[in-house]
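Pasted below: query21.pdb, PDB, C-alpha atoms.
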ATOM      1  CA  MET A 877      12.440 -19.163   4.409  1.00  0.00           C
ATOM      2  CA  TYR A 878       8.708 -18.788   4.972  1.00  0.00           C
ATOM      3  CA  LYS A 879       5.991 -20.761   3.227  1.00  0.00           C
ATOM      4  CA  ILE A 880       3.267 -18.545   1.783  1.00  0.00           C
ATOM      5  CA  SER A 881       0.874 -19.509   4.613  1.00  0.00           C
ATOM      6  CA  GLU A 882       3.462 -18.475   7.234  1.00  0.00           C
ATOM      7  CA  PHE A 883       4.189 -15.279   5.330  1.00  0.00           C
ATOM      8  CA  VAL A 884       0.486 -14.444   5.243  1.00  0.00           C
ATOM      9  CA  ASP A 885       0.335 -14.850   9.014  1.00  0.00           C
ATOM     10  CA  ILE A 886       3.303 -12.590   9.776  1.00  0.00           C
ATOM     11  CA  THR A 887       2.561  -9.859   7.217  1.00  0.00           C
ATOM     12  CA  GLY A 888      -1.234  -9.713   7.197  1.00  0.00           C
ATOM     13  CA  LEU A 889      -1.249  -9.849   3.393  1.00  0.00           C
ATOM     14  CA  SER A 890      -3.584 -12.373   1.795  1.00  0.00           C
ATOM     15  CA  LYS A 891      -2.403 -15.130  -0.540  1.00  0.00           C
ATOM     16  CA  GLU A 892      -4.304 -13.421  -3.345  1.00  0.00           C
ATOM     17  CA  THR A 893      -2.543 -10.120  -2.653  1.00  0.00           C
ATOM     18  CA  LEU A 894       0.852 -11.831  -2.609  1.00  0.00           C
ATOM     19  CA  ARG A 895       0.099 -13.515  -5.925  1.00  0.00           C
ATOM     20  CA  TYR A 896      -1.031 -10.206  -7.413  1.00  0.00           C
ATOM     21  CA  TYR A 897       2.043  -8.384  -6.072  1.00  0.00           C
ATOM     22  CA  ALA A 898       4.226 -11.081  -7.693  1.00  0.00           C
ATOM     23  CA  GLU A 899       2.294 -10.743 -10.964  1.00  0.00           C
ATOM     24  CA  VAL A 900       2.900  -6.978 -11.131  1.00  0.00           C
ATOM     25  CA  LYS A 901       6.525  -7.454  -9.971  1.00  0.00           C
ATOM     26  CA  LEU A 902       5.902  -5.591  -6.728  1.00  0.00           C
ATOM     27  CA  LEU A 903       6.933  -8.372  -4.347  1.00  0.00           C
ATOM     28  CA  GLU A 904       8.166 -11.618  -5.817  1.00  0.00           C
ATOM     29  CA  PRO A 905       8.855 -14.761  -3.799  1.00  0.00           C
ATOM     30  CA  ALA A 906      12.495 -15.324  -2.913  1.00  0.00           C
ATOM     31  CA  TYR A 907      12.184 -18.875  -4.222  1.00  0.00           C
ATOM     32  CA  ILE A 908       9.619 -20.957  -6.099  1.00  0.00           C
ATOM     33  CA  ASP A 909      10.057 -24.698  -5.792  1.00  0.00           C
ATOM     34  CA  PRO A 910      10.147 -26.056  -9.368  1.00  0.00           C
ATOM     35  CA  LEU A 911       8.635 -29.391  -8.280  1.00  0.00           C
ATOM     36  CA  ASN A 912       5.465 -28.121  -6.632  1.00  0.00           C
ATOM     37  CA  ASN A 913       5.437 -24.354  -7.419  1.00  0.00           C
ATOM     38  CA  TYR A 914       5.300 -23.531  -3.695  1.00  0.00           C
ATOM     39  CA  ARG A 915       6.317 -19.960  -3.028  1.00  0.00           C
ATOM     40  CA  TYR A 916       8.819 -19.104  -0.324  1.00  0.00           C
ATOM     41  CA  TYR A 917       9.697 -15.738   1.125  1.00  0.00           C
ATOM     42  CA  ASP A 918      12.739 -14.623   3.100  1.00  0.00           C
ATOM     43  CA  ASP A 919      13.532 -11.894   5.637  1.00  0.00           C
ATOM     44  CA  GLY A 920      14.174  -9.376   2.837  1.00  0.00           C
ATOM     45  CA  SER A 921      10.726 -10.170   1.479  1.00  0.00           C
ATOM     46  CA  TYR A 922       9.309  -9.556   4.942  1.00  0.00           C
ATOM     47  CA  PHE A 923      10.847  -6.071   5.084  1.00  0.00           C
ATOM     48  CA  LEU A 924       9.422  -5.220   1.649  1.00  0.00           C
ATOM     49  CA  ALA A 925       6.003  -6.655   2.537  1.00  0.00           C
ATOM     50  CA  ILE A 926       5.790  -4.534   5.697  1.00  0.00           C
ATOM     51  CA  LEU A 927       6.788  -1.464   3.664  1.00  0.00           C
ATOM     52  CA  LEU A 928       4.038  -2.244   1.130  1.00  0.00           C
ATOM     53  CA  VAL A 929       1.467  -2.681   3.909  1.00  0.00           C
ATOM     54  CA  LYS A 930       2.436   0.740   5.283  1.00  0.00           C
ATOM     55  CA  LEU A 931       2.371   2.411   1.858  1.00  0.00           C
ATOM     56  CA  ARG A 932      -1.068   0.935   1.180  1.00  0.00           C
ATOM     57  CA  SER A 933      -2.320   2.235   4.535  1.00  0.00           C
ATOM     58  CA  PHE A 934      -1.105   5.703   3.485  1.00  0.00           C
ATOM     59  CA  GLY A 935      -3.294   5.492   0.379  1.00  0.00           C
ATOM     60  CA  PHE A 936      -0.606   4.678  -2.168  1.00  0.00           C
ATOM     61  CA  THR A 937      -1.865   3.227  -5.428  1.00  0.00           C
ATOM     62  CA  ILE A 938      -0.321   0.086  -6.894  1.00  0.00           C
ATOM     63  CA  GLN A 939       1.470   2.246  -9.477  1.00  0.00           C
ATOM     64  CA  GLU A 940       2.865   4.518  -6.750  1.00  0.00           C
ATOM     65  CA  MET A 941       4.074   1.481  -4.813  1.00  0.00           C
ATOM     66  CA  ILE A 942       5.743   0.105  -7.942  1.00  0.00           C
ATOM     67  CA  SER A 943       7.505   3.435  -8.333  1.00  0.00           C
ATOM     68  CA  VAL A 944       8.801   3.216  -4.761  1.00  0.00           C
ATOM     69  CA  MET A 945       9.926  -0.388  -5.203  1.00  0.00           C
ATOM     70  CA  ASP A 946      11.665   0.352  -8.526  1.00  0.00           C
ATOM     71  CA  ASP A 947      14.111   2.529  -6.583  1.00  0.00           C
ATOM     72  CA  LYS A 948      16.039  -0.325  -4.935  1.00  0.00           C
ATOM     73  CA  SER A 949      18.061   2.118  -2.812  1.00  0.00           C
ATOM     74  CA  PHE A 950      14.905   3.834  -1.501  1.00  0.00           C
ATOM     75  CA  ALA A 951      16.813   7.090  -1.901  1.00  0.00           C
ATOM     76  CA  ASN A 952      13.642   8.926  -2.931  1.00  0.00           C
ATOM     77  CA  LEU A 953      11.344   7.331  -0.364  1.00  0.00           C
ATOM     78  CA  GLU A 954      11.329  10.333   1.981  1.00  0.00           C
ATOM     79  CA  LYS A 955      10.571  12.668  -0.934  1.00  0.00           C
ATOM     80  CA  ILE A 956       7.723  10.433  -2.115  1.00  0.00           C
ATOM     81  CA  LEU A 957       6.310  10.206   1.415  1.00  0.00           C
ATOM     82  CA  GLN A 958       6.457  14.010   1.730  1.00  0.00           C
ATOM     83  CA  GLN A 959       4.588  14.341  -1.571  1.00  0.00           C
ATOM     84  CA  LYS A 960       1.928  11.905  -0.335  1.00  0.00           C
ATOM     85  CA  ARG A 961       1.706  13.870   2.929  1.00  0.00           C
ATOM     86  CA  ASN A 962       1.161  17.103   0.987  1.00  0.00           C
ATOM     87  CA  THR A 963      -1.504  15.416  -1.133  1.00  0.00           C
ATOM     88  CA  ILE A 964      -3.314  14.213   1.991  1.00  0.00           C
ATOM     89  CA  LEU A 965      -3.150  17.698   3.533  1.00  0.00           C
ATOM     90  CA  LEU A 966      -4.647  19.169   0.360  1.00  0.00           C
ATOM     91  CA  GLN A 967      -7.419  16.562   0.435  1.00  0.00           C
ATOM     92  CA  ILE A 968      -8.122  17.454   4.069  1.00  0.00           C
ATOM     93  CA  ASP A 969      -8.347  21.149   3.130  1.00  0.00           C
ATOM     94  CA  ASN A 970     -10.699  20.374   0.236  1.00  0.00           C
ATOM     95  CA  LEU A 971     -12.893  18.151   2.411  1.00  0.00           C
ATOM     96  CA  THR A 972     -12.987  20.801   5.137  1.00  0.00           C
ATOM     97  CA  VAL A 973     -14.236  23.358   2.598  1.00  0.00           C
ATOM     98  CA  LYS A 974     -16.856  20.890   1.323  1.00  0.00           C
ATOM     99  CA  LEU A 975     -17.921  20.140   4.876  1.00  0.00           C
ATOM    100  CA  GLY A 976     -18.378  23.867   5.552  1.00  0.00           C
ATOM    101  CA  GLU A 977     -20.425  24.258   2.367  1.00  0.00           C
ATOM    102  CA  LEU A 978     -22.555  21.270   3.337  1.00  0.00           C
ATOM    103  CA  ASP A 979     -23.149  22.687   6.806  1.00  0.00           C
ATOM    104  CA  GLU A 980     -24.137  26.061   5.305  1.00  0.00           C
ATOM    105  CA  PHE A 981     -26.529  24.333   2.919  1.00  0.00           C
ATOM    106  CA  LEU A 982     -28.122  22.387   5.766  1.00  0.00           C
ATOM    107  CA  GLU A 983     -28.484  25.552   7.834  1.00  0.00           C
ATOM    108  CA  SER A 984     -30.054  27.453   4.932  1.00  0.00           C
ATOM    109  CA  GLY A 985     -32.657  24.712   4.623  1.00  0.00           C
ATOM    110  CA  LYS A 986     -33.558  25.064   8.288  1.00  0.00           C
ATOM    111  CA  GLU A 987     -34.229  28.783   7.893  1.00  0.00           C
ATOM    112  CA  ASN A 988     -37.039  28.036   5.446  1.00  0.00           C
ATOM    113  CA  ASP A 989     -38.868  25.747   7.873  1.00  0.00           C
TER     114      ASP A 989
END
Show how you would write the structure in this file as structure tokens.
Amino acid sequence: MYKISEFVDITGLSKETLRYYAEVKLLEPAYIDPLNNYRYYDDGSYFLAILLVKLRSFGFTIQEMISVMDDKSFANLEKILQQKRNTILLQIDNLTVKLGELDEFLESGKEND
């Protein structure tokens, strides 16, 4: 079992994030000591925390992460990751178009100088 301070060190998540994740039922401590309310995490918690860190880095919202975590078997994880990948590709396409339009606009302003 890991104390919250140890868990913060090995996962990179802040204490505040861990408390919030517990509040929204995203990642709950494996054990809470009833005497002092200290939170403890186990190796299973570590696996889930690392998954959440990765999902967050991929731009998943809290609600999307809850959806992933609700599927305890992770049977749909690949499908969800593919959907996120497609969303990112679409965003890249949209930003590329906007960048082209911005470049054209800048160039048109130079012609008037």
Write out as a ChimeraX atom specification each polymer residue whose atoms come within 12 Å of segment 950-966 of chain A, counting only C-alpha atoms; drop sequence neighbours fewer than 3 positions from it.
/A:924,927,930-937,940-947,969-973
Using all atoms listed in the file, which of the listed residues (A:Ser949, A:Gly888, A:Glu977, A:Leu894) sits closest to Arg915 of chain A?
A:Leu894
With all atoms listed in the file as the basis for distance, which of A:Ala925, A:Gln967, A:Asn913, A:Leu982 is at the shortest distance from Ser890 of chain A?
A:Ala925
Between atom CA of Ile968 of chain A and atom CA of Ile926 of chain A, measure the distance and give it in Å to one decimal.
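Atom CA of Ile968 of chain A sits 26.1 Å away from atom CA of Ile926 of chain A.
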Just the number, please: distance in Å from atom CA of Tyr914 of chain A to atom CA of Lys879 of chain A, one decimal.
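Atom-to-atom, atom CA of Tyr914 of chain A to atom CA of Lys879 of chain A, that is 7.5 Å.
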Quick one: apply the PyMOL selection byres ((chain A and resi 919) around 12) to the file and drop the selected residues here as a list of chain:residue names.
A:Met877, A:Tyr878, A:Lys879, A:Phe883, A:Ile886, A:Thr887, A:Pro905, A:Ala906, A:Tyr916, A:Tyr917, A:Asp918, A:Gly920, A:Ser921, A:Tyr922, A:Phe923, A:Leu924, A:Ala925, A:Ile926
Point-to-point distance from atom CA of Glu892 of chain A to atom CA of Val929 of chain A, Å rounded to tenths:
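Atom CA of Glu892 of chain A sits 14.2 Å away from atom CA of Val929 of chain A.
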